[in-house]
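**Student:** Here you go, this is run_19.pdb (PDB, C-alpha atoms, pLDDT in the B column).
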ATOM      1  CA  MET V  32      10.340  28.856 -23.543  1.00 91.00           C
ATOM      2  CA  PRO V  33      12.164  29.095 -20.204  1.00 90.00           C
ATOM      3  CA  ASP V  34      15.466  27.317 -19.696  1.00 91.00           C
ATOM      4  CA  LEU V  35      14.293  24.290 -17.722  1.00 91.00           C
ATOM      5  CA  THR V  36      17.851  23.381 -16.695  1.00 89.00           C
ATOM      6  CA  ARG V  37      17.933  26.585 -14.616  1.00 90.00           C
ATOM      7  CA  MET V  38      14.387  26.418 -13.265  1.00 89.00           C
ATOM      8  CA  ARG V  39      14.929  25.421  -9.659  1.00 86.00           C
ATOM      9  CA  ASN V  40      14.349  26.582  -6.105  1.00 89.00           C
ATOM     10  CA  ASP V  41      16.518  25.783  -3.129  1.00 91.00           C
ATOM     11  CA  TYR V  42      14.743  24.074  -0.233  1.00 93.00           C
ATOM     12  CA  THR V  43      15.389  25.796   3.070  1.00 92.00           C
ATOM     13  CA  LEU V  44      12.106  25.679   5.001  1.00 94.00           C
ATOM     14  CA  GLY V  45      12.895  22.844   7.352  1.00 92.00           C
ATOM     15  CA  ARG V  46      14.541  19.577   8.167  1.00 95.00           C
ATOM     16  CA  LEU V  47      13.556  16.151   9.433  1.00 97.00           C
ATOM     17  CA  ARG V  48      15.718  14.317  11.925  1.00 97.00           C
ATOM     18  CA  GLU V  49      15.222  10.968  13.596  1.00 97.00           C
ATOM     19  CA  ASP V  50      14.803  12.497  17.047  1.00 96.00           C
ATOM     20  CA  GLU V  51      12.004  14.719  15.672  1.00 95.00           C
ATOM     21  CA  LEU V  52      10.064  11.865  14.100  1.00 97.00           C
ATOM     22  CA  ALA V  53       6.793  10.689  15.652  1.00 97.00           C
ATOM     23  CA  PRO V  54       6.729   7.129  17.036  1.00 95.00           C
ATOM     24  CA  THR V  55       4.414   5.870  14.267  1.00 97.00           C
ATOM     25  CA  TRP V  56       3.836   6.749  10.641  1.00 98.00           C
ATOM     26  CA  VAL V  57       0.219   7.754  11.289  1.00 98.00           C
ATOM     27  CA  GLU V  58       1.219  10.160  14.066  1.00 98.00           C
ATOM     28  CA  GLN V  59       3.833  11.721  11.792  1.00 98.00           C
ATOM     29  CA  PHE V  60       1.250  11.950   9.016  1.00 98.00           C
ATOM     30  CA  ASP V  61      -1.116  13.654  11.496  1.00 98.00           C
ATOM     31  CA  ARG V  62       1.511  16.318  12.148  1.00 98.00           C
ATOM     32  CA  TRP V  63       2.298  16.989   8.510  1.00 98.00           C
ATOM     33  CA  PHE V  64      -1.294  16.873   7.330  1.00 98.00           C
ATOM     34  CA  ALA V  65      -2.238  19.367  10.066  1.00 98.00           C
ATOM     35  CA  ASP V  66       0.580  21.615   8.826  1.00 98.00           C
ATOM     36  CA  ALA V  67      -0.717  21.368   5.253  1.00 98.00           C
ATOM     37  CA  VAL V  68      -4.234  22.302   6.367  1.00 98.00           C
ATOM     38  CA  ALA V  69      -2.983  25.155   8.564  1.00 98.00           C
ATOM     39  CA  ALA V  70      -0.940  26.507   5.648  1.00 98.00           C
ATOM     40  CA  GLU V  71      -4.174  26.639   3.626  1.00 98.00           C
ATOM     41  CA  LEU V  72      -2.710  24.649   0.788  1.00 97.00           C
ATOM     42  CA  PRO V  73      -5.221  24.078  -2.022  1.00 96.00           C
ATOM     43  CA  GLU V  74      -6.790  20.656  -1.454  1.00 98.00           C
ATOM     44  CA  PRO V  75      -4.220  19.304   1.016  1.00 98.00           C
ATOM     45  CA  ASN V  76      -5.921  15.895   0.806  1.00 98.00           C
ATOM     46  CA  ALA V  77      -5.177  15.623  -2.925  1.00 98.00           C
ATOM     47  CA  VAL V  78      -3.006  12.576  -3.565  1.00 98.00           C
ATOM     48  CA  VAL V  79      -1.490  10.951  -6.634  1.00 98.00           C
ATOM     49  CA  VAL V  80      -2.572   7.312  -6.901  1.00 98.00           C
ATOM     50  CA  ALA V  81      -0.396   5.084  -9.079  1.00 98.00           C
ATOM     51  CA  THR V  82      -1.563   1.624 -10.135  1.00 98.00           C
ATOM     52  CA  ALA V  83      -0.556  -0.946 -12.736  1.00 98.00           C
ATOM     53  CA  ASP V  84      -2.440  -3.418 -14.878  1.00 97.00           C
ATOM     54  CA  ALA V  85      -1.858  -7.155 -15.198  1.00 95.00           C
ATOM     55  CA  ASP V  86       1.017  -6.515 -17.632  1.00 96.00           C
ATOM     56  CA  GLY V  87       2.691  -4.071 -15.269  1.00 96.00           C
ATOM     57  CA  ALA V  88       1.866  -0.971 -17.344  1.00 98.00           C
ATOM     58  CA  PRO V  89       1.736   1.966 -14.905  1.00 98.00           C
ATOM     59  CA  ASP V  90      -1.023   4.538 -14.610  1.00 98.00           C
ATOM     60  CA  ALA V  91      -1.483   7.515 -12.275  1.00 98.00           C
ATOM     61  CA  ARG V  92      -4.033  10.179 -11.410  1.00 98.00           C
ATOM     62  CA  VAL V  93      -4.953  12.596  -8.614  1.00 98.00           C
ATOM     63  CA  VAL V  94      -7.814  11.747  -6.240  1.00 98.00           C
ATOM     64  CA  LEU V  95      -8.918  13.080  -2.855  1.00 98.00           C
ATOM     65  CA  MET V  96      -8.062  11.189   0.319  1.00 98.00           C
ATOM     66  CA  LYS V  97     -11.269  10.676   2.306  1.00 98.00           C
ATOM     67  CA  GLY V  98      -9.871   9.152   5.480  1.00 98.00           C
ATOM     68  CA  TYR V  99      -6.860   7.626   7.159  1.00 98.00           C
ATOM     69  CA  ASP V 100      -5.970   5.761  10.318  1.00 98.00           C
ATOM     70  CA  THR V 101      -3.516   3.115  11.465  1.00 97.00           C
ATOM     71  CA  ASP V 102      -5.015   0.680   8.944  1.00 97.00           C
ATOM     72  CA  GLY V 103      -4.284   2.846   5.931  1.00 98.00           C
ATOM     73  CA  ILE V 104      -5.406   5.616   3.594  1.00 98.00           C
ATOM     74  CA  VAL V 105      -8.868   5.668   2.002  1.00 98.00           C
ATOM     75  CA  PHE V 106     -10.262   7.125  -1.222  1.00 98.00           C
ATOM     76  CA  GLY V 107     -13.464   6.578  -3.168  1.00 98.00           C
ATOM     77  CA  THR V 108     -13.983   5.857  -6.856  1.00 97.00           C
ATOM     78  CA  SER V 109     -15.893   3.810  -9.389  1.00 96.00           C
ATOM     79  CA  TYR V 110     -14.953   0.151  -9.314  1.00 96.00           C
ATOM     80  CA  ALA V 111     -15.622   0.214 -13.079  1.00 94.00           C
ATOM     81  CA  SER V 112     -12.979   2.908 -13.663  1.00 96.00           C
ATOM     82  CA  ALA V 113      -9.537   2.276 -15.117  1.00 96.00           C
ATOM     83  CA  LYS V 114      -7.980   2.224 -11.650  1.00 97.00           C
ATOM     84  CA  GLY V 115     -10.728  -0.103 -10.446  1.00 97.00           C
ATOM     85  CA  ALA V 116      -9.986  -2.539 -13.260  1.00 96.00           C
ATOM     86  CA  GLN V 117      -6.259  -2.322 -12.556  1.00 98.00           C
ATOM     87  CA  LEU V 118      -6.723  -2.882  -8.822  1.00 98.00           C
ATOM     88  CA  ALA V 119      -8.928  -5.893  -9.544  1.00 97.00           C
ATOM     89  CA  VAL V 120      -6.014  -7.708 -11.221  1.00 98.00           C
ATOM     90  CA  ASN V 121      -3.103  -6.071  -9.371  1.00 98.00           C
ATOM     91  CA  PRO V 122      -4.272  -4.926  -5.914  1.00 98.00           C
ATOM     92  CA  ARG V 123      -1.289  -2.734  -5.078  1.00 98.00           C
ATOM     93  CA  ALA V 124      -0.792   1.017  -5.280  1.00 98.00           C
ATOM     94  CA  ALA V 125       1.641   3.830  -4.576  1.00 98.00           C
ATOM     95  CA  LEU V 126       0.569   7.250  -3.282  1.00 98.00           C
ATOM     96  CA  VAL V 127       2.247  10.651  -3.290  1.00 98.00           C
ATOM     97  CA  PHE V 128       1.064  13.688  -1.321  1.00 98.00           C
ATOM     98  CA  PRO V 129       2.832  16.607  -3.093  1.00 98.00           C
ATOM     99  CA  TRP V 130       2.912  19.425  -0.554  1.00 98.00           C
ATOM    100  CA  HIS V 131       5.236  21.619  -2.625  1.00 96.00           C
ATOM    101  CA  ALA V 132       4.592  24.842  -0.711  1.00 97.00           C
ATOM    102  CA  LEU V 133       5.956  23.197   2.442  1.00 98.00           C
ATOM    103  CA  GLN V 134       8.797  21.551   0.509  1.00 98.00           C
ATOM    104  CA  ARG V 135       7.451  18.185   1.635  1.00 98.00           C
ATOM    105  CA  GLN V 136       6.026  15.032   0.199  1.00 98.00           C
ATOM    106  CA  VAL V 137       4.735  11.804   1.678  1.00 98.00           C
ATOM    107  CA  ARG V 138       5.013   8.555  -0.267  1.00 98.00           C
ATOM    108  CA  VAL V 139       3.036   5.423   0.573  1.00 98.00           C
ATOM    109  CA  ALA V 140       3.130   1.962  -0.996  1.00 98.00           C
ATOM    110  CA  GLY V 141       1.151  -1.138  -0.140  1.00 98.00           C
ATOM    111  CA  ARG V 142      -1.638  -3.519  -0.957  1.00 98.00           C
ATOM    112  CA  VAL V 143      -5.165  -2.298  -1.640  1.00 98.00           C
ATOM    113  CA  GLU V 144      -8.488  -3.578  -0.349  1.00 98.00           C
ATOM    114  CA  ARG V 145     -12.125  -2.531  -0.667  1.00 98.00           C
ATOM    115  CA  ILE V 146     -13.511  -0.993   2.509  1.00 98.00           C
ATOM    116  CA  GLY V 147     -16.970  -2.614   2.423  1.00 96.00           C
ATOM    117  CA  ASP V 148     -20.520  -1.407   1.866  1.00 97.00           C
ATOM    118  CA  ALA V 149     -21.173   0.428   5.122  1.00 98.00           C
ATOM    119  CA  ALA V 150     -17.895   2.340   4.985  1.00 98.00           C
ATOM    120  CA  SER V 151     -18.455   3.089   1.290  1.00 98.00           C
ATOM    121  CA  ASP V 152     -21.875   4.516   2.154  1.00 98.00           C
ATOM    122  CA  GLY V 153     -20.066   6.777   4.592  1.00 98.00           C
ATOM    123  CA  LEU V 154     -18.025   8.194   1.702  1.00 98.00           C
ATOM    124  CA  TRP V 155     -20.944   8.452  -0.718  1.00 98.00           C
ATOM    125  CA  ASP V 156     -23.659   9.969   1.454  1.00 97.00           C
ATOM    126  CA  PRO V 157     -21.922  13.333   2.201  1.00 97.00           C
ATOM    127  CA  ARG V 158     -21.346  13.995  -1.518  1.00 96.00           C
ATOM    128  CA  PRO V 159     -23.503  16.802  -2.967  1.00 97.00           C
ATOM    129  CA  ARG V 160     -26.365  15.630  -5.148  1.00 97.00           C
ATOM    130  CA  GLY V 161     -24.656  17.086  -8.207  1.00 96.00           C
ATOM    131  CA  SER V 162     -21.570  14.950  -7.595  1.00 96.00           C
ATOM    132  CA  GLN V 163     -23.747  11.890  -7.046  1.00 96.00           C
ATOM    133  CA  LEU V 164     -25.606  12.546 -10.299  1.00 96.00           C
ATOM    134  CA  ALA V 165     -22.345  12.896 -12.202  1.00 95.00           C
ATOM    135  CA  ALA V 166     -20.959   9.679 -10.727  1.00 95.00           C
ATOM    136  CA  VAL V 167     -24.088   7.678 -11.579  1.00 95.00           C
ATOM    137  CA  ALA V 168     -24.577   9.139 -15.052  1.00 93.00           C
ATOM    138  CA  SER V 169     -20.947   8.755 -16.081  1.00 89.00           C
ATOM    139  CA  VAL V 170     -19.249   5.398 -16.590  1.00 84.00           C
ATOM    140  CA  GLN V 171     -15.822   6.565 -15.491  1.00 87.00           C
ATOM    141  CA  SER V 172     -12.926   6.216 -17.951  1.00 87.00           C
ATOM    142  CA  THR V 173     -15.132   5.215 -20.891  1.00 88.00           C
ATOM    143  CA  VAL V 174     -15.023   7.112 -24.190  1.00 91.00           C
ATOM    144  CA  VAL V 175     -17.904   9.538 -24.840  1.00 90.00           C
ATOM    145  CA  ASP V 176     -18.780  11.487 -27.974  1.00 92.00           C
ATOM    146  CA  SER V 177     -18.981  14.895 -26.329  1.00 95.00           C
ATOM    147  CA  ARG V 178     -19.403  16.838 -23.106  1.00 96.00           C
ATOM    148  CA  GLN V 179     -22.946  17.580 -24.216  1.00 96.00           C
ATOM    149  CA  GLU V 180     -23.693  13.852 -24.057  1.00 95.00           C
ATOM    150  CA  LEU V 181     -22.536  13.725 -20.427  1.00 94.00           C
ATOM    151  CA  GLU V 182     -24.502  16.828 -19.506  1.00 95.00           C
ATOM    152  CA  GLU V 183     -27.622  15.334 -21.077  1.00 96.00           C
ATOM    153  CA  ARG V 184     -27.208  12.109 -19.111  1.00 94.00           C
ATOM    154  CA  VAL V 185     -26.952  14.093 -15.882  1.00 95.00           C
ATOM    155  CA  ARG V 186     -29.967  16.256 -16.792  1.00 96.00           C
ATOM    156  CA  LEU V 187     -32.145  13.244 -17.545  1.00 96.00           C
ATOM    157  CA  LEU V 188     -31.079  11.441 -14.376  1.00 95.00           C
ATOM    158  CA  ASP V 189     -31.843  14.557 -12.350  1.00 96.00           C
ATOM    159  CA  GLU V 190     -35.327  14.737 -13.859  1.00 96.00           C
ATOM    160  CA  GLN V 191     -36.027  11.030 -13.365  1.00 96.00           C
ATOM    161  CA  THR V 192     -34.993  10.754  -9.699  1.00 96.00           C
ATOM    162  CA  PRO V 193     -36.642  12.236  -6.586  1.00 95.00           C
ATOM    163  CA  ASP V 194     -35.081  15.260  -4.933  1.00 95.00           C
ATOM    164  CA  GLY V 195     -32.422  14.577  -2.342  1.00 95.00           C
ATOM    165  CA  PRO V 196     -29.456  12.208  -2.172  1.00 96.00           C
ATOM    166  CA  LEU V 197     -29.097   9.301  -4.568  1.00 97.00           C
ATOM    167  CA  PRO V 198     -28.414   5.793  -3.272  1.00 97.00           C
ATOM    168  CA  ARG V 199     -24.837   4.636  -3.757  1.00 97.00           C
ATOM    169  CA  PRO V 200     -24.488   2.516  -6.899  1.00 96.00           C
ATOM    170  CA  GLU V 201     -22.963  -0.931  -6.432  1.00 95.00           C
ATOM    171  CA  GLU V 202     -20.062  -0.082  -8.729  1.00 95.00           C
ATOM    172  CA  TRP V 203     -18.931   2.846  -6.549  1.00 97.00           C
ATOM    173  CA  GLY V 204     -17.055   2.451  -3.284  1.00 98.00           C
ATOM    174  CA  GLY V 205     -13.959   2.985  -1.237  1.00 98.00           C
ATOM    175  CA  TYR V 206     -10.460   1.547  -1.347  1.00 98.00           C
ATOM    176  CA  ARG V 207      -7.931   1.411   1.459  1.00 98.00           C
ATOM    177  CA  VAL V 208      -4.211   1.428   0.751  1.00 98.00           C
ATOM    178  CA  VAL V 209      -2.672  -0.655   3.545  1.00 98.00           C
ATOM    179  CA  PRO V 210       0.863   0.706   3.940  1.00 98.00           C
ATOM    180  CA  GLU V 211       3.971  -1.416   3.750  1.00 97.00           C
ATOM    181  CA  ARG V 212       6.221   1.635   3.356  1.00 98.00           C
ATOM    182  CA  VAL V 213       5.603   5.280   4.289  1.00 98.00           C
ATOM    183  CA  GLU V 214       8.279   7.835   3.449  1.00 98.00           C
ATOM    184  CA  PHE V 215       8.421  11.401   4.771  1.00 98.00           C
ATOM    185  CA  TRP V 216      10.462  13.681   2.502  1.00 98.00           C
ATOM    186  CA  GLN V 217      11.601  17.131   3.571  1.00 98.00           C
ATOM    187  CA  GLY V 218      13.437  19.225   0.997  1.00 97.00           C
ATOM    188  CA  GLY V 219      16.946  20.259   1.992  1.00 95.00           C
ATOM    189  CA  ALA V 220      19.409  22.931   0.940  1.00 93.00           C
ATOM    190  CA  ASP V 221      21.640  21.981  -2.006  1.00 93.00           C
ATOM    191  CA  ARG V 222      19.336  19.009  -2.601  1.00 93.00           C
ATOM    192  CA  LEU V 223      20.545  17.266   0.558  1.00 94.00           C
ATOM    193  CA  HIS V 224      17.000  16.206   1.375  1.00 97.00           C
ATOM    194  CA  ASP V 225      15.825  14.399   4.490  1.00 98.00           C
ATOM    195  CA  ARG V 226      14.061  11.111   3.728  1.00 98.00           C
ATOM    196  CA  LEU V 227      12.854   8.993   6.629  1.00 98.00           C
ATOM    197  CA  ARG V 228      10.876   5.855   5.893  1.00 98.00           C
ATOM    198  CA  PHE V 229       8.709   3.587   8.019  1.00 98.00           C
ATOM    199  CA  VAL V 230       8.929   0.006   6.708  1.00 97.00           C
ATOM    200  CA  ARG V 231       6.691  -2.777   7.933  1.00 93.00           C
ATOM    201  CA  ASP V 232       8.836  -5.482   9.529  1.00 91.00           C
ATOM    202  CA  THR V 233       6.979  -8.716   8.880  1.00 82.00           C
ATOM    203  CA  ALA V 234       9.719 -10.695  10.614  1.00 79.00           C
ATOM    204  CA  GLU V 235       8.838  -8.969  13.878  1.00 63.00           C
ATOM    205  CA  GLY V 236       5.118  -9.584  13.794  1.00 71.00           C
ATOM    206  CA  GLY V 237       4.064  -6.541  11.821  1.00 70.00           C
ATOM    207  CA  GLY V 238       6.055  -3.844  13.608  1.00 90.00           C
ATOM    208  CA  TRP V 239       7.836  -0.981  11.885  1.00 95.00           C
ATOM    209  CA  ILE V 240      11.454  -0.065  11.380  1.00 95.00           C
ATOM    210  CA  ILE V 241      12.745   3.392  10.450  1.00 97.00           C
ATOM    211  CA  GLN V 242      15.278   3.899   7.672  1.00 98.00           C
ATOM    212  CA  ARG V 243      17.060   7.007   6.434  1.00 98.00           C
ATOM    213  CA  LEU V 244      17.384   7.120   2.663  1.00 98.00           C
ATOM    214  CA  ALA V 245      19.999   8.944   0.640  1.00 97.00           C
ATOM    215  CA  PRO V 246      18.501  11.906  -1.208  1.00 96.00           C
TER     216      PRO V 246
END
Could you render the structure from this file as structure tokens?
**Tutor:**
Amino acid sequence: MPDLTRMRNDYTLGRLREDELAPTWVEQFDRWFADAVAAELPEPNAVVVATADADGAPDARVVLMKGYDTDGIVFGTSYASAKGAQLAVNPRAALVFPWHALQRQVRVAGRVERIGDAASDGLWDPRPRGSQLAAVASVQSTVVDSRQELEERVRLLDEQTPDGPLPRPEEWGGYRVVPERVEFWQGGADRLHDRLRFVRDTAEGGGWIIQRLAP
């Protein structure tokens, strides 16, 4: 087993200074997301979504971001999943975009809301039929006896439904994380990282303030 105390890389690819920061968090996210795509990172829209249940027990998983704008960051899932149940009782989440190859990460925290039927259709309809079949046949996060059971459910559903896209089930839809804090983290040499955070300033009518955080 490798010596984990010595497993480390120094971060020297870039820096992040206040005078280089975009005026808004979404413009800064545009820049960094474009860099992640241009660098051909595997699944640059992959994001860790952390939620908690009514007792405050944390949970986390990786999903794919399916949209973002000034209102927030969107992903789709089953409302009947573990994260759906957690968001129903504790509608808050934290996100992490781990762009390790660029020595960057973006962290987002805020409240969560459903995006509505029409917008959810917009996430569901482009999915390949195979993905739609899997989503309908599988009750996400529930215990199953075997993979063969899941494959059989999908096979039967495929046989029993007409060719082409499936209609979106009511229990599947989109969530939007409405940011209250958005942090841009750029790795720095000797662990002197740059961390600049946009924080919603409710006292000023919903504007944003920028804070530098110690690494």
**Student:** What does the PyMOL selection byres ((chain V and resi 203) around 8) select in this file, as a PyMOL selection string?
**Tutor:** chain V and resi 107-111+151+199-202+204-205
**Student:** Expanded to explicit residues, what is the PyMOL selection byres ((chain V and resi 94) around 8) for this file, as a list in words?
**Tutor:**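 When the PyMOL selection byres ((chain V and resi 94) around 8) is applied, the selected residues are Ala77, Val78, Val79, Val80, Arg92, Val93, Leu95, Met96 and Phe106 of chain V.
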**Student:** Okay, now the selection with C-alpha atoms, as a compact mmCIF listing (two decimals), keeping the file's coordinate frame?
**Tutor:**
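Output saved as again07.txt:
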# COMPACT_ATOMS: atom_id res chain seq x y z
CA ALA V 77 -5.18 15.62 -2.92
CA VAL V 78 -3.01 12.58 -3.56
CA VAL V 79 -1.49 10.95 -6.63
CA VAL V 80 -2.57 7.31 -6.90
CA ARG V 92 -4.03 10.18 -11.41
CA VAL V 93 -4.95 12.60 -8.61
CA LEU V 95 -8.92 13.08 -2.86
CA MET V 96 -8.06 11.19 0.32
CA PHE V 106 -10.26 7.12 -1.22
**Student:** Around (-2.2, -0.4, -13.2) in the file's frame, which residues reach within 9 Å when counting all atoms listed in the file? Return as number ranges by chain?
**Tutor:** V: 81-91, 113-118, 120-124
**Student:** Could you tell me how far atom CA of Asp152 of chain V sits from atom CA of Val170 of chain V, in Å to one decimal place?
**Tutor:** 18.9 Å
**Student:** What residues come out when you apply the PyMOL selection byres ((chain V and resi 224) around 9) to this file, written as a ChimeraX atom specification?
**Tutor:** /V:42,46-47,216-223,225-226,245-246
**Student:** Let me know the centre plus edge lengths, in Å and rounded to one decimal, of a box with edges along x, y and z that contains all listed atoms of segment 143-153 of chain V and is padded by 5 Å on every side, as AutoDock Vina command-line options.
**Tutor:**
--center_x -13.5 --center_y 1.6 --center_z 1.7 --size_x 26.7 --size_y 20.4 --size_z 16.8
**Student:** Any idea what's packed within 10 Å of Ala165 of chain V, counting only C-alpha atoms, ignoring anything in its chain fewer than 3 positions away? Could you give it as a VMD selection string?
**Tutor:** chain V and resid 160 to 162 168 to 171 181 to 182 184 to 186 188 to 189
**Student:** Around the point (2.6, 27.1, -1.6) in the file's coordinates, collect all residues with an atom within 10 Å, using all atoms listed in the file, and return them as a PyMOL selection string.
**Tutor:** chain V and resi 67+70-73+130-134
**Student:** What does the distance from atom CA of Gln163 of chain V to atom CA of Ser112 of chain V come to in Å, to one decimal?
**Tutor:** 15.5 Å
**Student:** Find the distance between atom CA of Asn76 of chain V and atom CA of Gly98 of chain V and write it in Å to one decimal.
**Tutor:**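 Those two atoms sit 9.1 Å apart.
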**Student:** Smallest atom-to-atom distance to Arg231 of chain V: which of V:Val167, V:Ser172, V:Arg158, V:Gly141, using only C-alpha atoms?
**Tutor:**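 The shortest atom-to-atom distance to Arg231 of chain V comes from V:Gly141.
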**Student:** I need the residue nearest Val213 of chain V from this list: V:Ala119, V:Leu52, V:Ala65, V:Val230. Use all atoms listed in the file for the distance.
**Tutor:**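 Among V:Ala119, V:Leu52, V:Ala65, V:Val230, it is V:Val230 that comes nearest to Val213 of chain V.
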**Student:** Determine the nearest neighbour of Leu227 of chain V from the options V:Glu214, V:Asp100, V:Asp41, V:Glu180, counting only C-alpha atoms.
**Tutor:**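 Closest residue, counting only C-alpha atoms: V:Glu214.
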**Student:** With distances taken over all atoms listed in the file, which of V:Arg138, V:Arg228, V:Arg212, V:Arg207 is nearest to Val105 of chain V?
**Tutor:**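 Under the stated criterion, the closest residue is V:Arg207.
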**Student:** Which residue out of V:Glu144, V:Arg39, V:Phe128, V:Asp66 has the minimum interatomic distance to Val209 of chain V when all atoms listed in the file are used?
**Tutor:**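 Of V:Glu144, V:Arg39, V:Phe128, V:Asp66, the one nearest Val209 of chain V is V:Glu144, counting all atoms listed in the file.
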**Student:** Please produce segment 224-231 of chain V, completed to all heavy atoms, as a PDB file, keeping the file's coordinate frame.
**Tutor:**
ATOM      1  N   HIS V 224      18.314  16.371   0.780  1.00 97.00           N
ATOM      2  CA  HIS V 224      17.000  16.206   1.375  1.00 97.00           C
ATOM      3  C   HIS V 224      17.036  15.226   2.543  1.00 97.00           C
ATOM      4  O   HIS V 224      17.905  14.352   2.623  1.00 97.00           O
ATOM      5  CB  HIS V 224      16.009  15.689   0.331  1.00 97.00           C
ATOM      6  CG  HIS V 224      16.053  16.421  -0.963  1.00 97.00           C
ATOM      7  ND1 HIS V 224      15.908  17.787  -1.052  1.00 97.00           N
ATOM      8  CD2 HIS V 224      16.237  15.971  -2.244  1.00 97.00           C
ATOM      9  CE1 HIS V 224      15.990  18.154  -2.328  1.00 97.00           C
ATOM     10  NE2 HIS V 224      16.192  17.073  -3.061  1.00 97.00           N
ATOM     11  N   ASP V 225      16.045  15.382   3.428  1.00 98.00           N
ATOM     12  CA  ASP V 225      15.825  14.399   4.490  1.00 98.00           C
ATOM     13  C   ASP V 225      14.733  13.441   4.046  1.00 98.00           C
ATOM     14  O   ASP V 225      13.625  13.865   3.689  1.00 98.00           O
ATOM     15  CB  ASP V 225      15.405  15.089   5.795  1.00 98.00           C
ATOM     16  CG  ASP V 225      16.550  15.825   6.459  1.00 98.00           C
ATOM     17  OD1 ASP V 225      17.625  15.218   6.596  1.00 98.00           O
ATOM     18  OD2 ASP V 225      16.363  16.991   6.835  1.00 98.00           O
ATOM     19  N   ARG V 226      15.031  12.143   4.090  1.00 98.00           N
ATOM     20  CA  ARG V 226      14.061  11.111   3.728  1.00 98.00           C
ATOM     21  C   ARG V 226      14.069  10.043   4.815  1.00 98.00           C
ATOM     22  O   ARG V 226      15.039   9.282   4.944  1.00 98.00           O
ATOM     23  CB  ARG V 226      14.422  10.485   2.374  1.00 98.00           C
ATOM     24  CG  ARG V 226      14.420  11.454   1.215  1.00 98.00           C
ATOM     25  CD  ARG V 226      14.892  10.780  -0.060  1.00 98.00           C
ATOM     26  NE  ARG V 226      14.007   9.675  -0.446  1.00 98.00           N
ATOM     27  CZ  ARG V 226      14.295   8.805  -1.409  1.00 98.00           C
ATOM     28  NH1 ARG V 226      15.449   8.882  -2.065  1.00 98.00           N
ATOM     29  NH2 ARG V 226      13.435   7.840  -1.705  1.00 98.00           N
ATOM     30  N   LEU V 227      12.994  10.002   5.589  1.00 98.00           N
ATOM     31  CA  LEU V 227      12.854   8.993   6.629  1.00 98.00           C
ATOM     32  C   LEU V 227      11.666   8.114   6.280  1.00 98.00           C
ATOM     33  O   LEU V 227      10.579   8.613   5.980  1.00 98.00           O
ATOM     34  CB  LEU V 227      12.660   9.638   7.997  1.00 98.00           C
ATOM     35  CG  LEU V 227      13.856  10.448   8.527  1.00 98.00           C
ATOM     36  CD1 LEU V 227      13.551  11.015   9.910  1.00 98.00           C
ATOM     37  CD2 LEU V 227      15.121   9.607   8.568  1.00 98.00           C
ATOM     38  N   ARG V 228      11.879   6.812   6.351  1.00 98.00           N
ATOM     39  CA  ARG V 228      10.876   5.855   5.893  1.00 98.00           C
ATOM     40  C   ARG V 228      10.532   4.849   6.973  1.00 98.00           C
ATOM     41  O   ARG V 228      11.416   4.259   7.589  1.00 98.00           O
ATOM     42  CB  ARG V 228      11.395   5.129   4.647  1.00 98.00           C
ATOM     43  CG  ARG V 228      10.421   4.138   4.060  1.00 98.00           C
ATOM     44  CD  ARG V 228      10.899   3.609   2.714  1.00 98.00           C
ATOM     45  NE  ARG V 228      12.083   2.764   2.849  1.00 98.00           N
ATOM     46  CZ  ARG V 228      12.684   2.164   1.826  1.00 98.00           C
ATOM     47  NH1 ARG V 228      12.227   2.361   0.594  1.00 98.00           N
ATOM     48  NH2 ARG V 228      13.730   1.397   2.022  1.00 98.00           N
ATOM     49  N   PHE V 229       9.222   4.674   7.189  1.00 98.00           N
ATOM     50  CA  PHE V 229       8.709   3.587   8.019  1.00 98.00           C
ATOM     51  C   PHE V 229       8.495   2.375   7.114  1.00 98.00           C
ATOM     52  O   PHE V 229       7.814   2.474   6.096  1.00 98.00           O
ATOM     53  CB  PHE V 229       7.375   3.970   8.665  1.00 98.00           C
ATOM     54  CG  PHE V 229       7.464   5.011   9.739  1.00 98.00           C
ATOM     55  CD1 PHE V 229       7.531   6.357   9.419  1.00 98.00           C
ATOM     56  CD2 PHE V 229       7.460   4.647  11.083  1.00 98.00           C
ATOM     57  CE1 PHE V 229       7.596   7.333  10.404  1.00 98.00           C
ATOM     58  CE2 PHE V 229       7.529   5.607  12.082  1.00 98.00           C
ATOM     59  CZ  PHE V 229       7.602   6.951  11.745  1.00 98.00           C
ATOM     60  N   VAL V 230       9.058   1.236   7.495  1.00 97.00           N
ATOM     61  CA  VAL V 230       8.929   0.006   6.708  1.00 97.00           C
ATOM     62  C   VAL V 230       8.351  -1.071   7.616  1.00 97.00           C
ATOM     63  O   VAL V 230       8.867  -1.312   8.717  1.00 97.00           O
ATOM     64  CB  VAL V 230      10.288  -0.455   6.145  1.00 97.00           C
ATOM     65  CG1 VAL V 230      10.125  -1.732   5.334  1.00 97.00           C
ATOM     66  CG2 VAL V 230      10.909   0.642   5.292  1.00 97.00           C
ATOM     67  N   ARG V 231       7.290  -1.710   7.139  1.00 93.00           N
ATOM     68  CA  ARG V 231       6.691  -2.777   7.933  1.00 93.00           C
ATOM     69  C   ARG V 231       7.658  -3.947   8.041  1.00 93.00           C
ATOM     70  O   ARG V 231       8.197  -4.428   7.046  1.00 93.00           O
ATOM     71  CB  ARG V 231       5.378  -3.248   7.299  1.00 93.00           C
ATOM     72  CG  ARG V 231       4.565  -4.160   8.211  1.00 93.00           C
ATOM     73  CD  ARG V 231       3.277  -4.592   7.558  1.00 93.00           C
ATOM     74  NE  ARG V 231       2.349  -3.491   7.357  1.00 93.00           N
ATOM     75  CZ  ARG V 231       1.524  -3.024   8.294  1.00 93.00           C
ATOM     76  NH1 ARG V 231       1.535  -3.547   9.509  1.00 93.00           N
ATOM     77  NH2 ARG V 231       0.697  -2.040   8.032  1.00 93.00           N
TER      78      ARG V 231
END
